[in-house]
Each structure stands twice: as C-alpha cells, then as structure tokens.
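Report on one structure; see the data block that follows.
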Amino acid sequence: MPPIGRSTPRVDGPLKVSGKAQYASDFHFPGMLYAVPVEATIANGRVVKLDTAAAQKMPGVRAILHRENIGKIFRSVQGPGFEGIMDERRPPFEDDVVRYYGQYIALAVADTFEAAKAAADAVRATYTKEKPNVDTALIADDEPQMVATTFGLTNRVQSERGDAEGAFASAPVKLDQTYVTPAETHNPIELHATTAIWDGSTLTLYEASQGVFNLQGILAQMFGLPKENVRVISKFLGSGFGGKLWPWTHCPLAAAAARQLGKPVKLVVSRKMMFQTVGHRPRTQQRVRLGATGEGKLVSLRHDYINHTAILDGYHEDCGESTAFHYSVPNLRVTFGRARRNVGSPTAMRGPGAVPGLYATESAMNELADQLKIDPVRLRVLNEPKIDESLGIPFSSRHLLECFELGADKFGWSKRTPEIGSMKRDGLTLGWGMAGCSWIAARFPAAAYVQLRDDGTARVASGTQDIGTGTYTILAQLTAQKTGVPLDKVEVALGDTALPEGPISGGSMVTGSMVPAVFEAADKAIESLLTIATTAPGSPFEKRKPTDLAFEDGRVFVKADGPSGGVSFADVLRRANVRLVTGSGKSEATFGNPKPKFSTHSFGCHFVEVTWQPEIARMRVSRVVTVIDAGRILNPLAGRNQIEGAVVMGIGMALLEHTSYDRQSGAPINSNLADYMVAVNADVPPIDVHFVDFPDKEINALGARGIGEIGLAGIAAAITAAVHHATGVRVRELPVKIEHLLG
Ligand code: MOS
C-alpha cells in the first residue's frame with residue numbers, strides 16, 4: 001500500500017516514549033536562570049506598592065523585575081490579514097492596573113527554580129481594589145454594530161436572510177430556548193513555557209507555540225528588533241488545544257529578563273497560572289429560536305449569542321460559525337454580543353465557536369424533533385440544504401446524509417423507542433441521542449522544501465508545528481509518496497522560524513495546507529535530479545533530455561525503457577558528486593477568500609448511548625458511534641485517533657468541564673487538575689469512529705480536509721439528548737450535573 005492512506009504510527013513516537021523529544025522547557029544552557037512570575041491576588045484594581053526588599057535578599061536571587069526595571073516592552077499591533085494576532089494585546093507591566101486575577105505584576109529571577117519561586121512568593125503587593133465583575137449572567141455590552149475582534153472588525157449581525165422575525169411569529173411550531181456553556185480551560189499536559197536567550201542583538205526562544213512565525217513577528221515588535229533577529233523554535237508540543245496559538249504575556253517577560261540579566265532565562269507557567277493568564281474558552285449564552293411547519297420543515301432560525309470577554313480585549317467566540325449554512329431555512333438571523341468581565345482574555349479552544357455553537361443549535365433541533373414527534377435524524381434529513389444558503393454557492397463536498405445513514409446503521413438507531421426511559425438493558429435505563437456537526441475546511445499559505453540526498457534519504461522541512469496531532473508523520477508520508485523514499489528514511493524538520501514559513505497549527509488546516517507545498521517541493525527536487533542525470537559526465541542518462549526520463553519509486557529511468565532499467569536517485573547523485581538536490585514549494589491560502597466559488601467544510605455526526613441508574617444517580621456514556629466526512633483520510637490511524645480524542649473531550653464538555661470564578665476574588669477557583677475535571681479512561685466507553693471517503697478536490701490534490709477539531713463539535717448535544725431520553729431532564733446549561741438529574 002502506498003504511504004498515503006496507510007495507517008501509519010507516529011514517526012516521532014520513539015523519540016517521545018524514550019524522552020528524547022525536547023519540549024520548550026527541556027532546553028538547558030550554561031548559566032541559565034529561572035523566572036517565576038508574581039501573580040496579582042485581586043482581579044480588579046491597582047498595584048499601589050510592590051515590596052521586593054525581602055525577596056531581593058534571598059539566596060540565589062538575581063533580580064525582581066517589575067514596571068520600573070524590566071526595560072521597554074513595546075506594544076505590538078495587528079497587521080493586514082492574519083499578521084500579528086494575539087488575544088491579550090497589553091504588554092506585561094505596561095501599567096499598574098490589574099484587570100484579572102493572576103495578572104503578572106512582577107517577575108522573580110534566580111539561579112534555581114526553587115529560589116525563584118520562593119522569591120516570587122516573598123514579594124508583597126499592596127492594592128487598591130474594586131469588586132471584580134465575574135457575573136455568569138451575560139447581558140451584551142452596549143457596542144456598535146461593527147466591533148474589533150481578534151481577527152479584525154466584525155459585524156455583530158453575522159448573517160441574515162429573509163425575515164426571521166416575521167417567519168418565526170407566524171410559524172405553526174416554535175421553539176425558543178437559551179443554552180449556556182461555561183468557561184472551559186485548556187489543559188494540555190505540557191505547560192506553557194519559554195526558554196529565552198538574548199545574545200546581543202538576537203533573541204532565540206524555545207516556546208510551546210502553535211504558531212512560531214506569528215510569535216516571531218510579535219516579539220520583533222515588542223522588542224523593536226528586525227524580524228530576522230528573532231528566532232522561535234517549537235520542536236515538540238505536549239498539545240495546545242488552541243491555547244498556544246497566540247502569544248501570552250509570560251513569553252515577552254522571559255525575553256525581557258534574558259535581556260536585562262544577559263543570561264538565558266527559563267519560565268514555565270504553573271498549572272494554576274494556566275487557568276489565569278493563557279486563555280480559556282469563554283462562557284456563552286445562546287438563544288436559539290426555531291420556527292417550523294408541522295411536518296418539520298424549518299421556516300425560521302435565529303441564533304443570538306453572547307460570550308464573556310476580557311476588559312481590554314475583544315475576543316469573539318464565533319458560535320455562529322456553522323449556523324448560517326448548516327440547514328436549509330429561508331429566514332435566518334445570527335447575531336452576537338459580548339459581555340466584559342474581570343477575567344484573562346479568552347482564546348480559541350478546539351473548534352472555537354462551532355463547538356459551543358453547535359451544542360446550542362443541535363440541542364434546539366433535538367428539542368424540536370421531540371416537540372414534533374419526529375425522529376431527530378429524519379428532522380435533519382428534511383432540512384438538509386442543497387447549497388450553502390448563506391453564501392448562495394455550492395458546497396465543495398458535503399456528505400452529511402451518508403454520515404447519518406452509516407452512523408444510524410452502525411449504532412442500531414432504528415431500534416430506538418422515543419418514550420423517555422423506555423429502553424432498558426441489564427437493569428440500567430438507556431438513553432440514545434444524536435447530533436450533527438461541521439467544521440471549516442480551508443488552506444493557509446504554506447511553504448516547504450524537500451531534499452533528496454545521495455545516501456537515499458530525503459528531508460522535508462516547514463516552519464509549521466506538530467502539536468501532537470501527527471504533522472511529522474503526515475509530512476513524512478507525503479514525501480515518501482512522492483519520492484519513493486521509505487518512511488523511516490525521511491527526515492522531517494518542523495517548528496522553527498529558520499525554516500520556510502509554515503502555517504499555524506490551528507483551524508484543523510495544517511495537513512490540507514501542506515499537501516500542495518510538499519508535493520510541489522518534491523516535484524521541483526525531482527526536476528533538479530533529472531537535470532543532473534542528463535548533464536553529469538558519466539551519468540547513464542548523459543545526453544538524454546530530462547523529458548525522456550521518468551522518476552518513480554525512487555528510481556530514474558528512460559520512459560521508453562520502463563522502470564526495470566532504472567537507477568536509484570542516490571546512485572545518480574553519487575555518480576555526479578552531488579550531495580543533495582532541493583526543491584521548494586508553496587500553497588496559496590483559500591482561508592479568508594472574500595469570493596469563494598465553493599463553501600468548504602467537513603461534516604459528521606455522533607450517536608450516543610448513556611446508561612442511567614436513578615437509584616444512585618449514576619450517568620455514564622456507554623457507547624459512541626461517530627462518522628466523519630473529512631474528504632480523504634491520509635492516515636486512518638492518526639485520523640481515528642484525532643476523532644477519538646475529540647469525543648473524549650466532548651464527554652468532558654458535556655458532563656464535567658467548567659471553570660468557576662470566585663465572586664469575591666475573581667480567581668478561577670478550580671485551578672488544578674483535581675478540581676477541573678476532564679474525562680479520563682474510566683469515563684470513556686468504546687468509541688466507534690468511521691470515515692466516509694469522499695475526496696474534496698477543492699482543498700488539495702489528495703482531497704484531504706482537516707480532522708483535528710470536528711470530532712468535538714456536536715457531541716455535547718448528542719449526549720444531552722441521550723440524557724433527556726433516559727431521564728426526561730432537559731439540561732440546557734453545561735455541564736450536566738447530578739443535581740440537574742435529581743430534580
Ligand atoms: Mo485550534 S483552537 O484552531 O488550535
């Protein structure tokens with residue numbers, strides 16, 4: 001079987017399990033110092049005095065840095081397109097105003113981590129404080145129709161067609177419900193970390209980053225450096241879930257400390273700080289109004305949502321990401337608002353927008369199905385659109401109906417009896433629920449080079465990252481496919497701004513974006529090889545034209561003679577005394593195209609079974625079938641693994657995850673992995689993942705769309721529907737708690 005489409009274990013697996021993979025905090029340098037930030041213990045107010053005297057005198061302490069002595073850190077600004085993105089724009093220590101609990105107000109630097117931690121704890125801050133606003137009831141702030149967000153100016157009326165209000169008023173069947181999702185915090189096992197080296201005029205950073213080039217541009221601005229003087233390296237990540245997409249304040253702090261002290265500085269964010277200063281998915285409150293005919297045809301859809309955001313920044317959780325195209329409905333209106341709170345800036349978290357958004361809209365569809373006494377799959381089939389009605393253009397490839405069919409079949413959906421609590425097994429009450437999902441598919445700009453070397457090996461390089469999703473493996477597969485070099489002889493280089501510019505590891509777009517770049521680079525390298533084959537003295541192909549030659553499976557041969565008379569490319573290079581040939585390639589972006597010809601998205605559905613024991617109020621997810629339409633799957637093993645991981649996260653989203661802010665102090669109070677619960681092995685049943693195989697040629701030559709995020713979309717709505725089917729309790733505020741079910 002060729003490399004593409006083959007289930008391939010991670011090529012970087014041995015490095016990881018043997019501890020040889022170096023993460024940002026694994027780099028050590030002579031004379032390196034350790035930095036520990038001092039966190040504000042108020043969420044709203046001002047620092048009036050910092051007493052650093054005791055801390056400064058502690059053993060091993062090199063400096064206590066703060067506003068007065070850290071040196072200049074400039075503001076960065078957003079450029080055109082997607083240049084220079086970050087969610088918390090205010091540089092650290094720019095002023096003495098505290099906007100959220102845990103905001104960094106000073107930085108202790110010492111010879112050891114322990115000394116730095118002790119010194120940070122010994123810094124005394126005096127504040128004037130006001131009551132923080134961390135209210136959970138969200139009312140949209142008074143803002144203009146066009147508002148600044150992380151990605152630029154955005155219209156608060158996100159999508160509109162027909163007369164949604166009028167059609168709702170006259171609809172024979174109506175549903176009007178509000179759904180709430182809590183703040184959730186990314187908890188990758190690898191903590192955020194920076195190791196910074198300031199070497200005269202150049203700054204090198206080892207950073208846990210999902211976007212090294214974006215970070216490079218921002219740091220160049222913050223320190224007033226030429227861009228080429230900043231190098232960011234992020235070789236391995238212990239995942240990120242979106243939390244590591246954009247820079248956070250610890251990173252310039254570490255760089256500034258390295259500059260001030262003339263030594264390499266390491267700063268590792270603590271688990272508690274992970275809840276305060278490096279983003280979270282914001283709380284959302286979403287009102288969904290559906291109008292339908294008695295037969296279940298949608299006539300009106302309104303989705304009006306609010307997300308909380310930070311005081312200074314403009315994060316928009318795009319809950320309407322898929323609302324406007326997911327169903328056929330002539331009258332629609334999607335709007336958003338934001339409510340400012342004394343919290344650190346929210347940021348993108350796996351499936352940003354679509355995940356909470358589809359929880360709301362898919363829950364509403366499930367409730368409408370119950371109201372109409374129609375099967376929820378049938379209700380969706382009835383409202384399946386033929387085109388993207390929000391843009392008036394066709395879908396590049398949409399096979400959601402095939403997903404429903406396969407999913408229902410694998411799950412045994414036809415055996416469902418709709419009455420509450422009507423299904424039993426082994427003394428347990430069963431609940432069955434389902435939901436659909438979608439996620440954007442597009443390409444970012446991407447560049448790569450491929451080298452073929454005289455020892456028969458190849459190297460592929462691009463400054464994108466592998467956040468654990470399998471980018472090393474996919475790039476090896478793409479290169480092996482094109483060059484015939486076996487997978488274990490393909491070297492992959494990622495995560496370094498010294499490499500050709502690669503995309504952020506975000507939006508599930510890396511694989512789709514890299515395909516054209518790697519393929520073009522490999523083609524160019526082969527072209528160069530064939531030129532050498534026809535020009536090098538003594539070459540068996542000397543005096544032939546490159547167009548007479550072919551390259552297949554690592555061998556060069558005369559087209560007319562067929563592959564049997566061929567020579568390996570390593571031989572061609574060695575005979576010519578050439579160590580390597582290099583080809584460069586790039587992909588153009590489709591993301592952000594203002595006039596697309598096709599609407600490009602991935603689709604899918606989840607079927608979920610829960611078991612319910614009312615005697616002991618025990619609710620478990622006992623079975624999941626997920627079917628995904630993501631174009632062609634390049635590595636079914638890695639692909640299935642992404643969907644399984646997302647479903648596990650979805651079980652956590654539905655039943656466990658939430659960040660609580662203390663009303664008095666404004667602190668995230670469950671800021672550790674014991675109190676912030678996520679689904680663990682014992683919570684996770686068998687997950688049966690299937691892909692429908694419809695290559696999407698609008699995305700790339702292989703037809704491969706992304707799979708990193710879609711598995712988390714829709715799953716919470718399927719679980720809450722199953723909970724309702726088992727118990728009769730309709731939970732519209734996540735997570736589902738035992739208290740809800742006892743009522
Ligand atoms: Mo994903 S939240 O776009 O890293």
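Identifiers in the structure tokens: chain A, B, ... in order shown; residue index from 1 per chain; ligand index from 1 in order shown.
Near Thr659 (chain A), within a cut-off of 9 Å and counting only C-alpha atoms, sit the residues Pro182, Ala183, Glu184, Thr185, Phe275, His280, Glu657, Tyr661, Pro668, Ile669, Asn670, Ser671 and Tyr676 of chain A, with same-chain residues fewer than 2 positions away left out.
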Any residue with an atom at most 6 Å from ligand 1 counts, using only C-alpha atoms and all ligand atoms. Which are they? Put them as a CSV table (one decimal) with N, CA and C atoms, in the first residue's frame.
chain,number,residue,atom,x,y,z
A,241,PHE,N,-4.5,22.6,22.1
A,241,PHE,CA,-5.9,22.8,22.0
A,241,PHE,C,-6.3,24.2,21.7
A,242,GLY,N,-5.4,25.0,21.1
A,242,GLY,CA,-5.7,26.4,20.7
A,242,GLY,C,-5.1,27.3,21.7
A,348,ALA,N,-9.0,30.9,21.4
A,348,ALA,CA,-9.6,29.8,20.6
A,348,ALA,C,-9.3,28.5,21.4
A,349,MET,N,-10.3,27.7,21.5
A,349,MET,CA,-10.2,26.3,22.1
A,349,MET,C,-10.8,25.4,21.1
A,350,ARG,N,-10.1,24.3,20.9
A,350,ARG,CA,-10.6,23.3,19.9
A,350,ARG,C,-12.0,23.5,19.4
A,351,GLY,N,-12.1,23.8,18.1
A,351,GLY,CA,-13.4,24.0,17.5
A,351,GLY,C,-14.0,25.3,17.9
A,352,PRO,N,-13.2,26.4,18.1
A,352,PRO,CA,-13.7,27.6,18.7
A,352,PRO,C,-15.0,28.1,18.0
A,505,SER,N,-0.6,25.9,13.6
A,505,SER,CA,-1.3,24.6,13.9
A,505,SER,C,-2.6,25.0,14.4
A,506,GLY,N,-3.5,25.4,13.6
A,506,GLY,CA,-4.8,25.8,14.0
A,506,GLY,C,-5.9,25.6,12.9
A,507,GLY,N,-7.1,25.7,13.3
A,507,GLY,CA,-8.2,25.6,12.4
A,507,GLY,C,-8.3,24.2,11.7
* So how far away is CA of Asp176 (chain A) from CA of Thr720 (chain A), in Å? -> 17.3 Å
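Distance-wise, CA of Gln371 (chain A) and CA of Arg620 (chain A) end up 25.6 Å apart.
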Would you mind writing down, as a compact mmCIF listing (two decimals) with C-alpha atoms, in the first residue's frame, each residue of region 115-297 of chain A that DSSP on the backbone assigns to alpha helix (DSSP H)?
# COMPACT_ATOMS: atom_id res chain seq x y z
CA ALA A 115 14.85 30.08 44.66
CA ALA A 116 12.82 31.99 42.07
CA LYS A 117 9.56 30.52 43.38
CA ALA A 118 10.44 31.38 46.99
CA ALA A 119 11.35 34.94 45.97
CA ALA A 120 8.15 35.37 43.94
CA ASP A 121 6.18 34.24 47.00
CA ALA A 122 8.05 36.77 49.14
CA ALA A 164 -36.51 35.66 10.51
CA GLU A 165 -38.68 37.55 12.99
CA GLY A 166 -41.82 37.57 10.85
CA ALA A 167 -41.44 33.94 9.85
CA PHE A 168 -40.95 32.93 13.47
CA ALA A 169 -44.05 34.85 14.56
CA VAL A 212 6.14 30.22 15.55
CA PHE A 213 6.01 32.79 12.74
CA ASN A 214 3.21 34.80 14.32
CA LEU A 215 5.16 34.83 17.58
CA GLN A 216 8.35 35.88 15.80
CA GLY A 217 6.60 38.90 14.25
CA ILE A 218 5.05 39.94 17.55
CA LEU A 219 8.29 39.63 19.52
CA ALA A 220 10.13 41.65 16.90
CA GLN A 221 7.58 44.42 17.51
CA MET A 222 7.64 44.10 21.29
CA PHE A 223 11.42 44.39 21.47
CA HIS A 250 4.90 35.15 30.08
CA CYS A 251 6.82 34.96 26.81
CA PRO A 252 7.94 38.62 26.48
CA LEU A 253 8.61 38.57 30.24
CA ALA A 254 11.12 35.74 29.85
CA ALA A 255 12.70 37.53 26.88
CA ALA A 256 12.92 40.83 28.77
CA ALA A 257 14.53 39.06 31.75
CA ALA A 258 17.12 37.47 29.46
CA ARG A 259 17.84 40.92 28.03
CA GLN A 260 18.16 42.57 31.45
CA LEU A 261 20.33 39.89 33.01
CA ARG A 271 -0.81 24.67 36.35
CA LYS A 272 -2.60 27.31 38.40
CA MET A 273 -1.40 30.08 36.07
CA MET A 274 -2.72 28.02 33.15
* For Pro486 (chain A), the nearest of the candidates A:Pro503, A:Gly314, A:Gly456, A:Pro356, counting only C-alpha atoms -> A:Gly456
Counting only C-alpha atoms, what are the residues of region 329-443 of chain A within 12 Å of region 677-690 of chain A, and for each of them which pair of atoms is the nearest and at what distance in Å, to one decimal? Sort the table by chain and rising number, as CSV.
residue,atom,partner,partner_atom,distance
A:Glu402,CA,A:His690,CA,11.2
A:Cys403,CA,A:His690,CA,8.7
A:Phe404,CA,A:His690,CA,11.2
A:Glu405,CA,A:His690,CA,11.7
A:Leu406,CA,A:His690,CA,8.4
A:Gly407,CA,A:His690,CA,8.1
A:Ala408,CA,A:His690,CA,11.7
A:Asp409,CA,A:His690,CA,11.6
A:Lys410,CA,A:Asp688,CA,8.5
A:Phe411,CA,A:Asp688,CA,8.9
Selection file, N, CA and C atoms, as a JSON list (two decimals), in the first residue's frame:
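Result written to result09.json:
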[["chain", "number", "residue", "atom", "x", "y", "z"],
["A", 402, "GLU", "N", -24.90, 10.73, 4.10],
["A", 402, "GLU", "CA", -24.20, 9.43, 4.13],
["A", 402, "GLU", "C", -23.69, 9.15, 5.55],
["A", 403, "CYS", "N", -23.24, 10.22, 6.24],
["A", 403, "CYS", "CA", -22.78, 10.04, 7.62],
["A", 403, "CYS", "C", -23.94, 9.55, 8.50],
["A", 404, "PHE", "N", -25.10, 10.22, 8.37],
["A", 404, "PHE", "CA", -26.27, 9.82, 9.17],
["A", 404, "PHE", "C", -26.61, 8.36, 8.92],
["A", 405, "GLU", "N", -26.60, 7.98, 7.65],
["A", 405, "GLU", "CA", -27.01, 6.63, 7.27],
["A", 405, "GLU", "C", -26.06, 5.59, 7.87],
["A", 406, "LEU", "N", -24.77, 5.84, 7.70],
["A", 406, "LEU", "CA", -23.78, 4.89, 8.22],
["A", 406, "LEU", "C", -23.81, 4.86, 9.75],
["A", 407, "GLY", "N", -23.90, 6.04, 10.35],
["A", 407, "GLY", "CA", -23.91, 6.13, 11.81],
["A", 407, "GLY", "C", -25.11, 5.43, 12.41],
["A", 408, "ALA", "N", -26.28, 5.69, 11.83],
["A", 408, "ALA", "CA", -27.51, 5.07, 12.34],
["A", 408, "ALA", "C", -27.41, 3.56, 12.23],
["A", 409, "ASP", "N", -26.85, 3.10, 11.12],
["A", 409, "ASP", "CA", -26.71, 1.66, 10.89],
["A", 409, "ASP", "C", -25.75, 1.03, 11.90],
["A", 410, "LYS", "N", -24.57, 1.64, 12.07],
["A", 410, "LYS", "CA", -23.57, 1.08, 13.00],
["A", 410, "LYS", "C", -24.07, 1.10, 14.44],
["A", 411, "PHE", "N", -24.87, 2.12, 14.76],
["A", 411, "PHE", "CA", -25.35, 2.28, 16.13],
["A", 411, "PHE", "C", -26.56, 1.39, 16.42]]
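Proximity ranking of A:Arg579, A:Lys131, A:Arg89, A:His725 relative to Lys424 (chain A) places A:His725 first, based on only C-alpha atoms.
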* Gln286 (chain A): which residues within 9 Å, counting only C-alpha atoms, same-chain residues fewer than 6 positions away excluded, as number ranges by chain? -> A: 177-181, 303-307, 319, 336, 356-357, 360-361
* Hey, what's within 8 Å of Ile420 (chain A) if we count only C-alpha atoms and toss same-chain stuff fewer than 4 positions away? As a ChimeraX atom specification, please? -> /A:724-728
Keeping only C-alpha atoms, write those residues as a PDB file, in the first residue's frame.
ATOM      1  CA  HIS A 724     -33.004  13.565  28.219  1.00  0.00           C
ATOM      2  CA  HIS A 725     -34.087  10.328  26.577  1.00  0.00           C
ATOM      3  CA  ALA A 726     -33.000   8.369  29.647  1.00  0.00           C
ATOM      4  CA  THR A 727     -34.218  10.744  32.375  1.00  0.00           C
ATOM      5  CA  GLY A 728     -36.676  13.225  30.903  1.00  0.00           C
TER       6      GLY A 728
END
* May I have all residues of region 464-582 of chain A that DSSP, computed from the backbone, assigns to strand (DSSP E), given as a ChimeraX atom specification? => /A:490-493,549-552,555-558,567-568,580-582
Residues from last step as file, all heavy atoms, as a short mmCIF file (atom, residue, chain, number, x, y, z; two decimals), in the first residue's frame:
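Heads up, here's the output in part_1.cif:
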data_model
loop_
_atom_site.label_atom_id
_atom_site.label_comp_id
_atom_site.auth_asym_id
_atom_site.auth_seq_id
_atom_site.Cartn_x
_atom_site.Cartn_y
_atom_site.Cartn_z
N VAL A 490 12.89 9.25 5.73
CA VAL A 490 12.51 10.64 5.52
C VAL A 490 12.70 11.40 6.83
O VAL A 490 12.12 11.05 7.85
CB VAL A 490 11.03 10.78 5.07
CG1 VAL A 490 10.68 12.25 4.86
CG2 VAL A 490 10.77 9.98 3.80
N GLU A 491 13.54 12.41 6.78
CA GLU A 491 13.75 13.26 7.96
C GLU A 491 12.77 14.43 7.86
O GLU A 491 12.63 15.03 6.79
CB GLU A 491 15.20 13.77 7.94
CG GLU A 491 15.59 14.62 9.12
CD GLU A 491 16.94 15.33 8.90
OE1 GLU A 491 17.61 15.07 7.87
OE2 GLU A 491 17.29 16.16 9.74
N VAL A 492 12.11 14.75 8.95
CA VAL A 492 11.14 15.84 8.94
C VAL A 492 11.60 16.93 9.91
O VAL A 492 11.93 16.64 11.06
CB VAL A 492 9.73 15.36 9.35
CG1 VAL A 492 8.72 16.50 9.19
CG2 VAL A 492 9.30 14.15 8.54
N ALA A 493 11.64 18.16 9.44
CA ALA A 493 12.01 19.29 10.30
C ALA A 493 10.83 20.25 10.39
O ALA A 493 10.27 20.66 9.37
CB ALA A 493 13.23 20.01 9.75
N LEU A 549 13.11 11.23 -19.41
CA LEU A 549 13.26 10.44 -18.18
C LEU A 549 12.00 10.48 -17.33
O LEU A 549 11.19 11.40 -17.43
CB LEU A 549 14.43 10.98 -17.35
CG LEU A 549 15.81 11.00 -18.02
CD1 LEU A 549 16.87 11.46 -17.03
CD2 LEU A 549 16.17 9.62 -18.58
N ALA A 550 11.89 9.45 -16.53
CA ALA A 550 10.80 9.41 -15.56
C ALA A 550 11.39 9.09 -14.19
O ALA A 550 12.51 8.57 -14.08
CB ALA A 550 9.77 8.38 -15.96
N PHE A 551 10.61 9.42 -13.15
CA PHE A 551 11.03 9.14 -11.78
C PHE A 551 9.86 8.44 -11.10
O PHE A 551 8.74 8.94 -11.09
CB PHE A 551 11.35 10.45 -11.07
CG PHE A 551 11.76 10.27 -9.63
CD1 PHE A 551 13.10 10.14 -9.29
CD2 PHE A 551 10.81 10.22 -8.62
CE1 PHE A 551 13.49 9.98 -7.96
CE2 PHE A 551 11.18 10.06 -7.29
CZ PHE A 551 12.52 9.94 -6.96
N GLU A 552 10.15 7.28 -10.56
CA GLU A 552 9.10 6.54 -9.87
C GLU A 552 9.73 5.72 -8.77
O GLU A 552 10.78 5.10 -9.00
CB GLU A 552 8.42 5.58 -10.86
CG GLU A 552 6.91 5.72 -10.93
CD GLU A 552 6.35 4.91 -12.09
OE1 GLU A 552 6.46 3.67 -12.03
OE2 GLU A 552 5.85 5.52 -13.06
N ARG A 555 13.43 5.78 -8.30
CA ARG A 555 14.35 5.40 -9.38
C ARG A 555 14.15 6.29 -10.61
O ARG A 555 13.03 6.67 -10.94
CB ARG A 555 14.16 3.93 -9.75
CG ARG A 555 14.49 2.99 -8.61
CD ARG A 555 14.24 1.55 -8.96
NE ARG A 555 15.28 0.98 -9.82
CZ ARG A 555 16.48 0.59 -9.40
NH1 ARG A 555 16.80 0.71 -8.12
NH2 ARG A 555 17.35 0.07 -10.23
N VAL A 556 15.29 6.55 -11.26
CA VAL A 556 15.27 7.33 -12.50
C VAL A 556 15.41 6.34 -13.66
O VAL A 556 16.25 5.44 -13.61
CB VAL A 556 16.45 8.33 -12.54
CG1 VAL A 556 16.42 9.15 -13.84
CG2 VAL A 556 16.41 9.25 -11.33
N PHE A 557 14.57 6.50 -14.68
CA PHE A 557 14.68 5.58 -15.82
C PHE A 557 14.24 6.28 -17.10
O PHE A 557 13.60 7.35 -17.06
CB PHE A 557 13.87 4.30 -15.59
CG PHE A 557 12.41 4.53 -15.28
CD1 PHE A 557 11.47 4.57 -16.31
CD2 PHE A 557 11.98 4.72 -13.97
CE1 PHE A 557 10.12 4.77 -16.03
CE2 PHE A 557 10.64 4.95 -13.68
CZ PHE A 557 9.70 4.97 -14.71
N VAL A 558 14.60 5.66 -18.23
CA VAL A 558 14.18 6.20 -19.52
C VAL A 558 12.75 5.75 -19.74
O VAL A 558 12.44 4.56 -19.64
CB VAL A 558 15.09 5.66 -20.66
CG1 VAL A 558 14.62 6.18 -22.02
CG2 VAL A 558 16.54 6.06 -20.39
N VAL A 567 17.88 3.52 -12.38
CA VAL A 567 18.97 3.71 -11.42
C VAL A 567 18.39 4.46 -10.22
O VAL A 567 17.56 5.36 -10.40
CB VAL A 567 20.09 4.56 -12.07
CG1 VAL A 567 21.20 4.86 -11.07
CG2 VAL A 567 20.66 3.85 -13.30
N SER A 568 18.81 4.10 -9.02
CA SER A 568 18.28 4.79 -7.85
C SER A 568 18.76 6.24 -7.85
O SER A 568 19.85 6.54 -8.35
CB SER A 568 18.70 4.09 -6.57
OG SER A 568 20.05 4.41 -6.27
N LEU A 580 23.11 16.62 -2.52
CA LEU A 580 21.65 16.68 -2.43
C LEU A 580 21.07 17.65 -3.44
O LEU A 580 21.76 18.56 -3.92
CB LEU A 580 21.21 17.08 -1.02
CG LEU A 580 21.83 18.34 -0.39
CD1 LEU A 580 21.07 19.60 -0.80
CD2 LEU A 580 21.83 18.20 1.13
N VAL A 581 19.82 17.42 -3.78
CA VAL A 581 19.05 18.38 -4.58
C VAL A 581 17.90 18.88 -3.71
O VAL A 581 17.38 18.14 -2.87
CB VAL A 581 18.49 17.78 -5.88
CG1 VAL A 581 19.60 17.57 -6.90
CG2 VAL A 581 17.74 16.47 -5.62
N THR A 582 17.54 20.13 -3.93
CA THR A 582 16.47 20.74 -3.12
C THR A 582 15.39 21.30 -4.02
O THR A 582 15.70 21.93 -5.04
CB THR A 582 17.04 21.90 -2.27
OG1 THR A 582 18.13 21.43 -1.49
CG2 THR A 582 15.99 22.49 -1.35
#
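Considering the residues A:Phe236, A:Thr150, A:Gly200, A:Phe569 and counting only C-alpha atoms, Glu317 (chain A) has its shortest atom-to-atom contact with A:Thr150.
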* To do: Mind checking which residues fall within 7 Å of Ser508 (chain A), counting only C-alpha atoms, ignoring those fewer than 4 positions away in the same chain, and posting them as a ChimeraX atom specification?
  => /A:706-709
* **Counting only C-alpha atoms, the option among A:Val134, A:Leu634, A:Ile643, A:Ala310 closest to Ser660 (chain A)** => A:Val134
* **Residues within 12 Å of Thr590 (chain A), only C-alpha atoms, excluding chain neighbours under 6 positions, as a VMD selection string** => chain A and resid 440 to 446 509 512 to 513 596 to 600 698 to 700
Go ahead and write the residues just picked, C-alpha atoms, as a short mmCIF file (atom, residue, chain, number, x, y, z; two decimals), in the first residue's frame.
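Final output, out-v2.cif:
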data_model
loop_
_atom_site.label_atom_id
_atom_site.label_comp_id
_atom_site.auth_asym_id
_atom_site.auth_seq_id
_atom_site.Cartn_x
_atom_site.Cartn_y
_atom_site.Cartn_z
CA ILE A 440 -14.42 24.77 8.45
CA ALA A 441 -12.02 23.35 5.87
CA ALA A 442 -9.55 25.64 4.14
CA ARG A 443 -5.89 26.24 3.42
CA PHE A 444 -3.49 28.70 4.97
CA PRO A 445 -0.43 29.82 2.99
CA ALA A 446 2.36 27.29 3.46
CA MET A 509 -5.75 23.27 8.47
CA GLY A 512 -4.72 20.39 3.93
CA SER A 513 -2.37 23.37 3.59
CA PRO A 596 -15.07 31.72 -2.79
CA LYS A 597 -16.61 29.53 -5.51
CA PHE A 598 -17.33 26.74 -3.07
CA SER A 599 -18.29 26.50 0.55
CA THR A 600 -15.72 24.17 2.10
CA GLU A 698 -11.22 21.93 -3.87
CA ILE A 699 -8.88 21.65 -0.88
CA ASN A 700 -5.90 19.92 -2.48
#
* Asked: Which polymer residues have any atom within 12 Å of an atom of Gly714 (chain A), counting only C-alpha atoms, with same-chain residues fewer than 5 positions away left out, as number ranges by chain?
  -> A: 322, 351, 353-366, 433-439, 603-608, 626-628, 646-647, 649-651, 653-654, 709, 719-721
* Asked: Which residue, A:Leu107, A:Ile42, A:Leu379, A:Val343, has the smallest gap to Arg281 (chain A) when you use only C-alpha atoms?
  -> A:Val343
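Residue nearest Ala617 (chain A) within the list A:His316, A:Arg340, A:His601, A:His740: A:His740 [criterion: smallest interatomic distance, only C-alpha atoms].
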